[in-house]
$ cat start-v4.cif   # mmCIF, C-alpha atoms
data_start
#
loop_
_atom_site.label_atom_id
_atom_site.label_comp_id
_atom_site.auth_asym_id
_atom_site.auth_seq_id
_atom_site.Cartn_x
_atom_site.Cartn_y
_atom_site.Cartn_z
CA MET A 1 -34.79 11.40 19.34
CA PHE A 2 -37.23 8.78 18.18
CA LYS A 3 -40.21 9.87 20.32
CA LYS A 4 -41.92 11.76 17.51
CA ILE A 5 -41.21 9.00 15.01
CA LYS A 6 -42.41 6.38 17.44
CA GLY A 7 -45.60 8.34 17.92
CA LEU A 8 -46.15 8.69 14.19
CA PHE A 9 -45.77 4.97 13.54
CA ALA A 10 -47.38 3.68 16.73
CA LYS A 11 -49.95 0.94 16.28
CA GLU A 12 -52.94 0.21 18.39
CA GLU A 13 -51.54 -3.18 19.31
CA GLN A 14 -47.83 -3.59 19.92
CA GLU A 15 -47.58 -6.98 18.26
CA GLN A 16 -44.15 -8.36 17.46
CA VAL A 17 -43.26 -8.05 13.79
CA GLU A 18 -41.00 -10.68 12.24
CA VAL A 19 -38.81 -9.52 9.37
CA ALA A 20 -36.47 -11.78 7.41
CA ILE A 21 -32.99 -10.44 6.66
CA SER A 22 -33.79 -10.72 2.95
CA GLU A 23 -36.78 -8.40 3.46
CA ILE A 24 -34.93 -5.56 5.18
CA HIS A 25 -33.73 -3.98 1.93
CA GLY A 26 -37.33 -3.74 0.72
CA TRP A 27 -38.47 -2.54 4.16
CA LEU A 28 -35.95 0.32 4.01
CA ASP A 29 -37.08 1.32 0.51
CA ASN A 30 -40.71 1.26 1.62
CA GLU A 31 -39.99 3.45 4.66
CA MET A 32 -38.10 5.93 2.48
CA LYS A 33 -41.10 6.04 0.16
CA LYS A 34 -43.35 6.78 3.14
CA ILE A 35 -41.11 9.70 4.10
CA ARG A 36 -41.27 11.13 0.58
CA THR A 37 -45.04 10.71 0.48
CA TYR A 38 -45.35 12.43 3.87
CA GLU A 39 -43.18 15.32 2.70
CA GLU A 40 -45.13 15.72 -0.54
CA SER A 41 -48.48 15.74 1.24
CA ARG A 42 -47.37 18.40 3.71
CA VAL A 43 -45.43 20.54 1.24
CA SER A 44 -48.19 20.46 -1.39
CA ALA A 45 -50.45 22.30 1.06
CA SER A 46 -47.90 25.13 1.27
CA ARG A 47 -46.87 25.24 -2.37
CA GLU A 48 -49.89 27.22 -3.68
CA PRO A 49 -49.88 29.91 -0.94
CA VAL A 50 -46.14 30.37 -1.34
CA MET A 51 -46.29 30.71 -5.11
CA ASP A 52 -49.27 33.12 -4.84
CA ALA A 53 -47.30 35.29 -2.38
CA ILE A 54 -44.25 35.28 -4.64
CA ALA A 55 -46.38 36.18 -7.65
CA SER A 56 -47.93 39.10 -5.72
CA LEU A 57 -44.50 40.32 -4.60
CA LYS A 58 -43.26 40.26 -8.18
CA ILE A 59 -46.02 42.79 -8.95
CA LEU A 60 -45.84 44.85 -5.75
CA VAL A 61 -42.08 45.33 -5.58
CA PRO A 62 -41.57 46.77 -9.11
CA GLY A 63 -44.54 49.12 -8.52
CA LEU A 64 -43.18 50.45 -5.24
CA GLY A 65 -42.62 54.23 -5.42
CA THR A 66 -44.18 54.69 -8.84
CA GLY A 67 -47.41 56.29 -7.56
CA ASP A 68 -48.13 59.49 -5.62
CA HIS A 69 -47.45 59.63 -1.90
CA GLU A 70 -47.97 62.30 0.71
CA GLY A 71 -44.37 62.42 1.86
CA THR A 72 -42.98 62.41 5.40
CA GLY A 73 -42.02 66.00 5.81
CA PHE A 74 -38.44 64.89 6.46
CA VAL A 75 -36.31 65.82 3.48
CA LYS A 76 -33.31 63.88 4.69
CA LEU A 77 -35.38 60.68 5.22
CA GLU A 78 -36.98 61.00 1.81
CA LYS A 79 -33.55 61.47 0.25
CA VAL A 80 -32.30 58.31 1.93
CA ALA A 81 -35.43 56.44 0.82
CA GLU A 82 -34.94 57.65 -2.72
CA ASN A 83 -31.43 56.20 -2.77
CA SER A 84 -32.48 52.97 -1.05
CA LEU A 85 -35.47 52.22 -3.28
CA PRO A 86 -33.58 50.82 -6.32
CA LEU A 87 -31.32 48.78 -4.04
CA TYR A 88 -34.33 47.32 -2.24
CA LYS A 89 -36.11 46.47 -5.48
CA LYS A 90 -33.00 44.81 -6.91
CA ALA A 91 -32.42 42.74 -3.76
CA MET A 92 -36.06 41.69 -3.50
CA MET A 93 -36.38 40.70 -7.16
CA SER A 94 -33.14 38.73 -6.90
CA ALA A 95 -34.58 36.79 -3.95
CA LEU A 96 -37.93 36.24 -5.68
CA SER A 97 -36.64 35.30 -9.12
CA ARG A 98 -34.90 32.03 -8.21
CA PRO A 99 -36.27 28.67 -9.59
CA TYR A 100 -38.70 26.71 -7.41
CA PRO A 101 -38.26 22.99 -8.24
CA ASP A 102 -41.03 20.40 -8.14
CA LYS A 103 -39.11 18.14 -5.76
CA THR A 104 -40.33 18.78 -2.25
CA GLU A 105 -37.04 19.21 -0.40
CA GLU A 106 -35.53 21.30 -3.18
CA PHE A 107 -38.69 23.46 -3.19
CA TYR A 108 -38.46 23.89 0.57
CA HIS A 109 -34.83 25.00 0.43
CA ALA A 110 -35.54 27.40 -2.45
CA VAL A 111 -38.44 29.01 -0.56
CA ALA A 112 -36.36 29.24 2.64
CA GLU A 113 -33.60 31.03 0.71
CA CYS A 114 -36.17 33.35 -0.88
CA LEU A 115 -37.56 34.22 2.56
CA LYS A 116 -34.07 34.83 3.89
CA GLY A 117 -33.37 37.23 0.99
CA CYS A 118 -36.65 39.10 1.49
CA ILE A 119 -36.03 39.54 5.23
CA LYS A 120 -32.47 40.70 4.62
CA SER A 121 -33.71 43.23 2.04
CA SER A 122 -36.35 44.54 4.45
CA GLN A 123 -33.83 44.91 7.25
CA GLY A 124 -31.34 46.58 4.91
CA PRO A 125 -32.40 49.19 2.35
CA GLY A 126 -36.11 48.47 3.01
CA ARG A 127 -36.11 49.79 6.59
CA TYR A 128 -36.20 53.42 5.38
CA LEU A 129 -39.01 52.76 2.88
CA VAL A 130 -41.62 51.89 5.54
CA ARG A 131 -41.81 55.55 6.63
CA VAL A 132 -41.99 56.86 3.07
CA PHE A 133 -44.27 54.19 1.53
CA PRO A 134 -46.16 52.82 4.55
CA GLU A 135 -49.17 51.36 2.73
CA ASP A 136 -47.17 49.76 -0.11
CA MET A 137 -44.64 48.34 2.30
CA LYS A 138 -47.42 46.96 4.49
CA LEU A 139 -48.74 44.96 1.52
CA ILE A 140 -45.24 43.72 0.69
CA GLN A 141 -44.55 42.71 4.29
CA ALA A 142 -47.87 40.88 4.43
CA GLU A 143 -46.88 38.75 1.45
CA VAL A 144 -43.44 38.08 2.95
CA SER A 145 -45.21 37.05 6.16
CA ARG A 146 -47.33 34.60 4.15
CA ILE A 147 -44.15 33.00 2.84
CA GLY A 148 -42.72 32.93 6.37
CA LYS A 149 -45.83 31.25 7.70
CA GLU A 150 -45.58 28.46 5.13
CA VAL A 151 -41.86 28.00 5.74
CA ASN A 152 -42.58 27.68 9.45
CA ALA A 153 -45.19 25.05 8.59
CA MET A 154 -42.67 23.10 6.49
CA ASN A 155 -39.79 23.31 8.99
CA PRO A 156 -41.02 20.54 11.33
CA VAL A 157 -41.82 18.32 8.33
CA PHE A 158 -38.21 18.30 7.19
CA ALA A 159 -36.89 18.16 10.74
CA GLU A 160 -38.88 14.95 11.17
CA SER A 161 -37.67 13.71 7.79
CA ARG A 162 -34.05 14.31 8.77
CA SER A 163 -34.57 12.34 11.98
CA LYS A 164 -36.19 9.51 10.04
CA HIS A 165 -33.38 9.55 7.45
CA ASP A 166 -30.79 9.36 10.23
CA ALA A 167 -32.62 6.46 11.88
CA LEU A 168 -33.00 4.57 8.61
CA GLY A 169 -29.36 5.31 7.77
CA LYS A 170 -28.29 3.52 10.93
CA VAL A 171 -30.51 0.56 10.07
CA ARG A 172 -29.09 0.47 6.53
CA THR A 173 -25.47 0.60 7.79
CA ILE A 174 -26.06 -2.26 10.23
CA HIS A 175 -27.92 -4.26 7.59
CA GLN A 176 -25.08 -3.83 5.08
CA ALA A 177 -22.58 -4.96 7.72
CA LEU A 178 -24.76 -7.99 8.48
CA VAL A 179 -25.09 -8.93 4.80
CA ARG A 180 -21.34 -8.54 4.30
CA THR A 181 -20.48 -10.57 7.40
CA ARG A 182 -22.93 -13.38 6.59
CA ARG A 183 -21.62 -13.61 3.03
CA GLU A 184 -18.04 -13.70 4.27
CA HIS A 185 -18.96 -16.33 6.88
CA ASP A 186 -20.70 -18.51 4.30
CA ASP A 187 -17.82 -18.23 1.84
CA LEU A 188 -15.26 -19.14 4.50
CA GLU A 189 -17.26 -22.17 5.66
CA LYS A 190 -17.75 -23.27 2.06
CA ASN A 191 -14.04 -23.00 1.23
CA LEU A 192 -12.66 -24.41 4.49
CA PRO A 193 -13.07 -28.16 3.70
CA GLY A 194 -11.24 -27.70 0.41
CA LEU A 195 -8.43 -25.85 2.17
CA ILE A 196 -8.11 -28.64 4.74
CA ASP A 197 -7.98 -31.27 1.98
CA GLN A 198 -5.31 -29.22 0.22
CA SER A 199 -3.34 -28.99 3.47
CA VAL A 200 -3.46 -32.79 3.95
CA ARG A 201 -2.30 -33.35 0.35
CA LEU A 202 0.54 -30.82 0.69
CA GLY A 203 1.54 -32.38 4.02
CA LYS A 204 1.91 -35.81 2.42
CA GLU A 205 3.87 -34.36 -0.51
CA GLU A 206 6.13 -32.46 1.90
CA GLU A 207 6.79 -35.66 3.93
CA ASP A 208 7.61 -37.58 0.76
CA LEU A 209 10.06 -34.90 -0.42
CA SER A 210 11.60 -34.77 3.05
CA ARG A 211 12.32 -38.51 2.89
CA GLN A 212 13.84 -38.09 -0.58
CA VAL A 213 16.08 -35.26 0.64
CA THR A 214 17.22 -37.37 3.61
CA ALA A 215 17.92 -40.32 1.32
CA ALA A 216 19.93 -38.11 -1.05
CA GLY A 217 22.07 -37.00 1.90
CA SER A 218 22.95 -40.67 2.57
CA ASP A 219 23.62 -41.51 -1.08
CA PRO A 220 27.23 -42.66 -1.81
CA ARG A 221 27.31 -40.18 -4.68
CA PHE A 222 26.84 -37.37 -2.17
CA ALA A 223 29.79 -38.64 -0.09
CA ARG A 224 31.89 -38.83 -3.27
CA HIS A 225 30.90 -35.26 -4.18
CA ASN A 226 31.89 -34.05 -0.71
CA ASP A 227 35.23 -35.87 -1.04
CA LEU A 228 35.90 -34.14 -4.37
CA THR A 229 34.93 -30.79 -2.87
CA ARG A 230 37.32 -31.32 0.07
CA LYS A 231 40.13 -32.23 -2.33
CA GLU A 232 39.40 -29.09 -4.33
CA GLN A 233 39.60 -26.97 -1.17
CA ASP A 234 42.88 -28.62 -0.14
CA LEU A 235 44.34 -27.93 -3.59
CA LEU A 236 43.16 -24.33 -3.45
CA GLN A 237 45.00 -23.95 -0.13
CA ASP A 238 48.12 -25.50 -1.69
CA GLN A 239 47.75 -23.09 -4.60
CA GLU A 240 47.54 -20.18 -2.18
CA ARG A 241 50.69 -21.36 -0.34
CA VAL A 242 52.64 -21.69 -3.60
CA GLY A 243 51.41 -18.28 -4.66
CA GLY A 244 52.60 -16.85 -1.36
CA GLU A 245 56.00 -18.48 -1.82
CA MET A 246 56.24 -16.97 -5.30
CA GLU A 247 55.36 -13.50 -3.97
CA VAL A 248 58.05 -13.69 -1.28
CA LEU A 249 60.61 -14.87 -3.81
CA ALA A 250 59.64 -12.15 -6.28
CA GLY A 251 59.86 -9.48 -3.57
CA MET A 252 63.36 -10.59 -2.62
CA VAL A 253 64.47 -10.53 -6.28
CA VAL A 254 63.02 -7.00 -6.78
CA HIS A 255 64.99 -5.65 -3.78
CA VAL A 256 68.26 -7.01 -5.15
CA MET A 257 67.49 -5.86 -8.72
CA ARG A 258 66.78 -2.29 -7.61
CA ARG A 259 70.25 -2.13 -6.06
CA ALA A 260 71.79 -3.78 -9.10
CA GLU A 261 70.13 -1.21 -11.41
CA LYS A 262 71.83 1.65 -9.55
CA VAL A 263 75.21 -0.10 -9.82
CA ALA A 264 74.72 -0.66 -13.58
CA HIS A 265 74.00 3.02 -14.19
CA LYS A 266 76.94 4.00 -11.95
CA ASP A 267 79.17 1.80 -14.13
CA ARG A 268 77.63 3.51 -17.19
CA ASN A 269 76.09 0.22 -18.38
CA ASP A 270 72.68 1.69 -19.25
CA ALA A 271 71.62 -1.31 -21.37
CA LEU A 272 72.07 -3.63 -18.40
CA GLY A 273 70.34 -1.14 -16.12
CA LYS A 274 67.36 -1.06 -18.46
CA LYS A 275 67.09 -4.88 -18.52
CA ILE A 276 67.29 -5.01 -14.73
CA ARG A 277 64.59 -2.29 -14.39
CA VAL A 278 62.22 -4.12 -16.76
CA LEU A 279 62.65 -7.32 -14.71
CA ALA A 280 62.04 -5.50 -11.41
CA ASP A 281 58.95 -3.71 -12.80
CA THR A 282 57.56 -7.00 -14.15
CA LEU A 283 57.94 -8.72 -10.78
CA SER A 284 56.33 -5.72 -9.01
CA LYS A 285 53.00 -6.19 -10.81
CA ASN A 286 50.04 -7.89 -9.11
CA GLU A 287 50.13 -10.90 -11.43
CA MET A 288 53.21 -13.05 -11.87
CA PRO A 289 54.33 -13.52 -15.49
CA ALA A 290 54.38 -16.94 -17.08
CA ALA A 291 57.48 -19.10 -16.60
CA ASP A 292 58.53 -18.85 -20.27
CA GLU A 293 58.44 -15.04 -19.92
CA LEU A 294 60.17 -14.64 -16.55
CA LEU A 295 62.96 -17.23 -16.68
CA PRO A 296 64.64 -15.79 -19.83
CA MET A 297 64.53 -12.32 -18.23
CA ILE A 298 66.21 -13.72 -15.08
CA SER A 299 68.87 -15.54 -17.08
CA GLY A 300 69.63 -12.38 -19.06
CA VAL A 301 70.72 -10.36 -16.01
CA LEU A 302 71.66 -12.93 -13.37
CA GLN A 303 75.33 -13.40 -14.32
CA PRO A 304 76.26 -9.69 -14.26
CA VAL A 305 74.29 -9.23 -11.04
CA THR A 306 76.10 -12.11 -9.31
CA GLY A 307 79.30 -10.51 -10.58
CA MET A 308 78.37 -7.29 -8.75
CA VAL A 309 77.89 -9.40 -5.63
CA ALA A 310 81.27 -11.07 -6.07
CA SER A 311 83.01 -7.71 -6.60
CA GLY A 312 81.41 -6.25 -3.48
CA GLU A 313 79.40 -3.63 -5.38
CA ILE A 314 76.20 -5.22 -4.00
CA THR A 315 75.98 -6.36 -0.39
CA LEU A 316 73.51 -9.19 0.23
CA LYS A 317 71.42 -8.46 3.33
CA ASN A 318 70.10 -11.86 4.45
CA ARG A 319 70.43 -15.57 4.07
CA GLU A 320 67.81 -15.78 1.27
CA GLU A 321 69.65 -13.22 -0.87
CA GLN A 322 72.93 -15.04 -0.25
CA GLU A 323 71.31 -18.37 -1.18
CA TYR A 324 69.95 -17.18 -4.55
CA PHE A 325 72.52 -14.55 -5.67
CA SER A 326 75.83 -16.17 -4.70
CA GLY A 327 75.67 -18.15 -7.95
CA THR A 328 73.69 -18.38 -11.21
CA THR A 329 71.87 -21.71 -10.72
CA ALA A 330 69.93 -21.57 -7.43
CA LEU A 331 67.42 -18.85 -8.36
CA PRO A 332 66.37 -20.26 -11.78
CA ALA A 333 66.11 -23.74 -10.26
CA ARG A 334 63.89 -22.49 -7.43
CA LEU A 335 61.66 -20.50 -9.77
CA THR A 336 61.35 -23.48 -12.10
CA GLU A 337 60.32 -25.70 -9.18
CA VAL A 338 57.70 -23.21 -7.94
CA TYR A 339 56.25 -22.87 -11.44
CA ARG A 340 56.15 -26.66 -11.78
CA LYS A 341 54.30 -27.11 -8.45
CA SER A 342 51.83 -24.34 -9.37
CA GLY A 343 51.17 -25.96 -12.75
CA GLU A 344 50.58 -29.39 -11.20
CA ILE A 345 48.15 -27.95 -8.66
CA ASN A 346 46.23 -26.00 -11.32
CA GLU A 347 45.94 -29.13 -13.45
CA GLN A 348 44.64 -31.16 -10.51
CA ILE A 349 42.06 -28.42 -9.72
CA ARG A 350 40.95 -28.41 -13.37
CA VAL A 351 40.48 -32.19 -13.41
CA ILE A 352 38.52 -32.21 -10.15
CA ARG A 353 36.26 -29.34 -11.27
CA GLU A 354 35.53 -31.10 -14.55
CA GLU A 355 34.62 -34.21 -12.60
CA ILE A 356 32.35 -32.21 -10.28
CA GLY A 357 30.76 -30.51 -13.30
CA ARG A 358 29.96 -33.85 -14.93
CA ASP A 359 28.26 -35.16 -11.77
CA MET A 360 24.47 -34.69 -12.31
CA PHE A 361 23.64 -36.07 -8.87
CA MET A 362 24.26 -32.75 -7.10
CA HIS A 363 22.11 -30.92 -9.64
CA GLU A 364 19.32 -33.42 -8.98
CA LYS A 365 19.83 -33.11 -5.22
CA GLU A 366 19.69 -29.29 -5.33
CA THR A 367 16.53 -29.45 -7.46
CA LEU A 368 14.99 -31.86 -4.96
CA GLU A 369 15.88 -29.60 -2.02
CA LYS A 370 14.40 -26.58 -3.83
CA ARG A 371 11.15 -28.50 -4.44
CA PHE A 372 11.09 -29.46 -0.75
CA ARG A 373 11.53 -25.82 0.37
CA LEU A 374 8.77 -24.62 -1.99
CA LYS A 375 6.40 -27.37 -0.84
CA LYS A 376 7.12 -26.55 2.79
CA SER A 377 6.39 -22.87 2.07
CA GLU A 378 3.10 -23.80 0.32
CA LEU A 379 2.08 -25.94 3.30
CA HIS A 380 2.92 -23.15 5.75
CA GLU A 381 0.87 -20.65 3.72
CA ILE A 382 -2.20 -22.90 3.45
CA GLU A 383 -2.02 -23.63 7.18
CA ARG A 384 -1.93 -19.88 7.83
CA VAL A 385 -4.98 -19.35 5.59
CA ILE A 386 -6.85 -22.15 7.41
CA ALA A 387 -6.02 -20.66 10.82
CA ASP A 388 -7.10 -17.17 9.69
CA SER A 389 -10.34 -18.59 8.21
CA GLN A 390 -11.19 -20.50 11.37
CA GLN A 391 -10.52 -17.45 13.51
CA LYS A 392 -12.66 -15.23 11.23
CA ILE A 393 -15.52 -17.77 11.26
CA GLU A 394 -15.41 -17.72 15.06
CA THR A 395 -15.43 -13.91 15.07
CA ASP A 396 -18.32 -13.81 12.58
CA ASN A 397 -20.29 -16.29 14.72
CA LYS A 398 -20.15 -13.74 17.54
CA GLU A 399 -20.64 -10.66 15.37
CA ILE A 400 -23.70 -11.84 13.41
CA PRO A 401 -26.01 -12.23 16.48
CA GLU A 402 -24.85 -8.83 17.76
CA LEU A 403 -25.63 -7.17 14.42
CA ILE A 404 -29.08 -8.82 14.40
CA ARG A 405 -29.68 -7.54 17.94
CA GLN A 406 -28.72 -4.01 16.86
CA LEU A 407 -31.03 -4.24 13.85
CA GLU A 408 -33.93 -5.35 16.03
CA GLU A 409 -33.25 -2.51 18.47
CA HIS A 410 -33.08 0.25 15.85
CA MET A 411 -36.03 -1.05 13.81
CA THR A 412 -38.11 -1.34 16.98
CA LEU A 413 -37.26 2.24 17.96
CA TYR A 414 -38.12 3.43 14.47
CA SER A 415 -41.39 1.59 13.98
CA GLY A 416 -42.66 1.67 17.55
CA SER A 417 -43.44 -2.06 17.48
CA PRO A 418 -41.23 -4.93 18.63
CA VAL A 419 -39.26 -6.29 15.68
CA ARG A 420 -37.70 -9.73 15.47
CA ILE A 421 -35.16 -10.48 12.73
CA SER A 422 -35.29 -13.89 11.11
CA GLY A 423 -31.91 -14.94 9.74
CA SER A 424 -32.73 -18.44 8.59
CA ASP A 425 -33.92 -17.51 5.08
CA GLU A 426 -31.47 -17.42 2.23
CA GLU A 427 -30.43 -13.82 1.81
CA ASN A 428 -30.74 -11.92 -1.42
CA ARG A 429 -27.37 -10.94 -2.85
CA ASP A 430 -28.18 -7.35 -3.72
#
$ encode --input "start-v4.cif" --output "structure tokens"
Amino acid sequence: MFKKIKGLFAKEEQEQVEVAISEIHGWLDNEMKKIRTYEESRVSASREPVMDAIASLKILVPGLGTGDHEGTGFVKLEKVAENSLPLYKKAMMSALSRPYPDKTEEFYHAVAECLKGCIKSSQGPGRYLVRVFPEDMKLIQAEVSRIGKEVNAMNPVFAESRSKHDALGKVRTIHQALVRTRREHDDLEKNLPGLIDQSVRLGKEEEDLSRQVTAAGSDPRFARHNDLTRKEQDLLQDQERVGGEMEVLAGMVVHVMRRAEKVAHKDRNDALGKKIRVLADTLSKNEMPAADELLPMISGVLQPVTGMVASGEITLKNREEQEYFSGTTALPARLTEVYRKSGEINEQIRVIREEIGRDMFMHEKETLEKRFRLKKSELHEIERVIADSQQKIETDNKEIPELIRQLEEHMTLYSGSPVRISGSDEENRD
């Protein structure tokens, strides 16, 4: 691919050329300038002949068929030619009338498109006109051939330019990668000592906080807090047991009251039945009523209910029902005792929770533990950044020489002379 380029840039003596990394950007710009200069010098030689041919065609094509001609003797052919003539003129003038820019490559593409349009016109409607207007068409074809000759002369120029652009593009890509990698490498090496110092400082702070957390765990105030917490849990379990006892007791009362309600309505004592139903519905709710609400309701119906038991209208089904509904004192006494125990437990829980809430030691300990966790997380993150930086520096140390080798290889192939890249100079930060 690079044989032609190598030949163009070959020097009499293949001396090694040393190029600093900071000079490569300028070297690339200079080579691109050489390519443009080469294109301009070659295209300028074709510009005048091409424009002369186009100018001639702009005169010849409109005049085609306007003068006398001998004819072909073939009516059908002349009829076809007559129909094709305006189409040919329109197609040719469309191809010729495009702009022809001053920039070399744009000029080349415009002329190539013009030639393509002229050839297409000649192979289309123009193929019948050669027999009818042989002399005029010969002049037109000669001018088209002039354009074709110049396009053929420009083709290898831009083929070479494309090859050179591709070669320089590879050099530019490698150079950009080298600049980026060196900058990254330098930044990492510059920042690494500071990161290590930060890691040491964070490590000491983390150790200090760890000692403080350990000391807080041995503090008598912590043992006292744990003791209060255990007492609170024990009281909560007692509260749950009392609550369970109350639920069982309430369930037993509801079963008896439902039977008593039916008896009251059977005896046509609707007022008593209503009182009993309200009591049963109250005890059936999820939350137990307060003692000063429930006990009066119990007292209001208990005597008539125990009377139903005594008369045999209600049959008690188990020992618990017999214990609490054989008389009027056992049930209120038991309920009063359960309410008393529940109240004592709730009061003890309240006192303990107030004491726990006033203890600032646990707040301080939790704050200390949170600081320790955050510091440990910071230390872990900075250690990760250090490890990543060290690994990337090691990778860059291997990648930089390889990129320099690739640069030397591609620049040598391009220039035809051995190229050595010097990387010791401070690089420009373009």
$ resolve_selection --input "start-v4.cif" --expression "the PyMOL selection byres ((chain A and resi 44-57) around 7)" --output "CSV table (one decimal) with C-alpha atoms, keeping the file's coordinate frame"
chain,number,residue,atom,x,y,z
A,40,GLU,CA,-45.1,15.7,-0.5
A,41,SER,CA,-48.5,15.7,1.2
A,42,ARG,CA,-47.4,18.4,3.7
A,43,VAL,CA,-45.4,20.5,1.2
A,58,LYS,CA,-43.3,40.3,-8.2
A,59,ILE,CA,-46.0,42.8,-9.0
A,60,LEU,CA,-45.8,44.8,-5.8
A,61,VAL,CA,-42.1,45.3,-5.6
A,96,LEU,CA,-37.9,36.2,-5.7
A,140,ILE,CA,-45.2,43.7,0.7
A,143,GLU,CA,-46.9,38.8,1.4
A,146,ARG,CA,-47.3,34.6,4.2
A,147,ILE,CA,-44.2,33.0,2.8
A,150,GLU,CA,-45.6,28.5,5.1
$ atom_distance --input "start-v4.cif" --atom1 "CA of Leu379 (chain A)" --atom2 "CA of Leu202 (chain A)"
5.7 Å
$ atom_distance --input "start-v4.cif" --atom1 "CA of Val200 (chain A)" --atom2 "CA of Lys398 (chain A)"
28.7 Å
$ closest_residue --input "start-v4.cif" --among "A:Ser161, A:Ser284, A:Asn152, A:Ser199" --to "Glu383 (chain A)" --atoms "all atoms listed in the file"
A:Ser199
$ closest_residue --input "start-v4.cif" --among "A:Arg241, A:His185, A:Lys285, A:Arg211" --to "Asn397 (chain A)" --atoms "only C-alpha atoms"
A:His185
$ decode --input "start-v4.cif" --residues "region 80-92 of chain A" --atoms "N, CA, C and O atoms" --output "PDB file, in the first residue's frame"
ATOM      1  N   VAL A  80     -36.661   9.574 -34.753  1.00  0.00           N
ATOM      2  CA  VAL A  80     -36.164   9.260 -33.413  1.00  0.00           C
ATOM      3  C   VAL A  80     -35.175  10.332 -32.959  1.00  0.00           C
ATOM      4  O   VAL A  80     -35.194  10.799 -31.813  1.00  0.00           O
ATOM      5  N   ALA A  81     -34.271  10.726 -33.877  1.00  0.00           N
ATOM      6  CA  ALA A  81     -33.273  11.744 -33.559  1.00  0.00           C
ATOM      7  C   ALA A  81     -33.937  13.072 -33.230  1.00  0.00           C
ATOM      8  O   ALA A  81     -33.509  13.801 -32.324  1.00  0.00           O
ATOM      9  N   GLU A  82     -35.002  13.375 -33.948  1.00  0.00           N
ATOM     10  CA  GLU A  82     -35.715  14.621 -33.700  1.00  0.00           C
ATOM     11  C   GLU A  82     -36.294  14.652 -32.289  1.00  0.00           C
ATOM     12  O   GLU A  82     -36.267  15.681 -31.597  1.00  0.00           O
ATOM     13  N   ASN A  83     -36.806  13.499 -31.861  1.00  0.00           N
ATOM     14  CA  ASN A  83     -37.373  13.419 -30.501  1.00  0.00           C
ATOM     15  C   ASN A  83     -36.283  13.401 -29.426  1.00  0.00           C
ATOM     16  O   ASN A  83     -36.491  13.883 -28.308  1.00  0.00           O
ATOM     17  N   SER A  84     -35.125  12.808 -29.772  1.00  0.00           N
ATOM     18  CA  SER A  84     -34.052  12.668 -28.784  1.00  0.00           C
ATOM     19  C   SER A  84     -33.248  13.948 -28.602  1.00  0.00           C
ATOM     20  O   SER A  84     -32.617  14.140 -27.543  1.00  0.00           O
ATOM     21  N   LEU A  85     -33.215  14.802 -29.608  1.00  0.00           N
ATOM     22  CA  LEU A  85     -32.367  15.985 -29.577  1.00  0.00           C
ATOM     23  C   LEU A  85     -32.635  16.883 -28.365  1.00  0.00           C
ATOM     24  O   LEU A  85     -31.696  17.231 -27.643  1.00  0.00           O
ATOM     25  N   PRO A  86     -33.869  17.270 -28.062  1.00  0.00           N
ATOM     26  CA  PRO A  86     -34.077  18.148 -26.896  1.00  0.00           C
ATOM     27  C   PRO A  86     -33.707  17.458 -25.566  1.00  0.00           C
ATOM     28  O   PRO A  86     -33.220  18.101 -24.641  1.00  0.00           O
ATOM     29  N   LEU A  87     -33.947  16.137 -25.533  1.00  0.00           N
ATOM     30  CA  LEU A  87     -33.581  15.405 -24.303  1.00  0.00           C
ATOM     31  C   LEU A  87     -32.071  15.395 -24.120  1.00  0.00           C
ATOM     32  O   LEU A  87     -31.562  15.560 -23.003  1.00  0.00           O
ATOM     33  N   TYR A  88     -31.351  15.196 -25.221  1.00  0.00           N
ATOM     34  CA  TYR A  88     -29.889  15.163 -25.163  1.00  0.00           C
ATOM     35  C   TYR A  88     -29.331  16.531 -24.746  1.00  0.00           C
ATOM     36  O   TYR A  88     -28.467  16.625 -23.861  1.00  0.00           O
ATOM     37  N   LYS A  89     -29.857  17.565 -25.348  1.00  0.00           N
ATOM     38  CA  LYS A  89     -29.393  18.921 -25.016  1.00  0.00           C
ATOM     39  C   LYS A  89     -29.630  19.232 -23.531  1.00  0.00           C
ATOM     40  O   LYS A  89     -28.756  19.764 -22.838  1.00  0.00           O
ATOM     41  N   LYS A  90     -30.837  18.875 -23.065  1.00  0.00           N
ATOM     42  CA  LYS A  90     -31.178  19.157 -21.663  1.00  0.00           C
ATOM     43  C   LYS A  90     -30.253  18.402 -20.708  1.00  0.00           C
ATOM     44  O   LYS A  90     -29.741  18.965 -19.721  1.00  0.00           O
ATOM     45  N   ALA A  91     -30.001  17.129 -21.011  1.00  0.00           N
ATOM     46  CA  ALA A  91     -29.140  16.312 -20.147  1.00  0.00           C
ATOM     47  C   ALA A  91     -27.713  16.831 -20.168  1.00  0.00           C
ATOM     48  O   ALA A  91     -27.048  16.911 -19.126  1.00  0.00           O
ATOM     49  N   MET A  92     -27.222  17.179 -21.352  1.00  0.00           N
ATOM     50  CA  MET A  92     -25.845  17.667 -21.464  1.00  0.00           C
ATOM     51  C   MET A  92     -25.671  18.996 -20.742  1.00  0.00           C
ATOM     52  O   MET A  92     -24.689  19.183 -20.001  1.00  0.00           O
TER      53      MET A  92
END
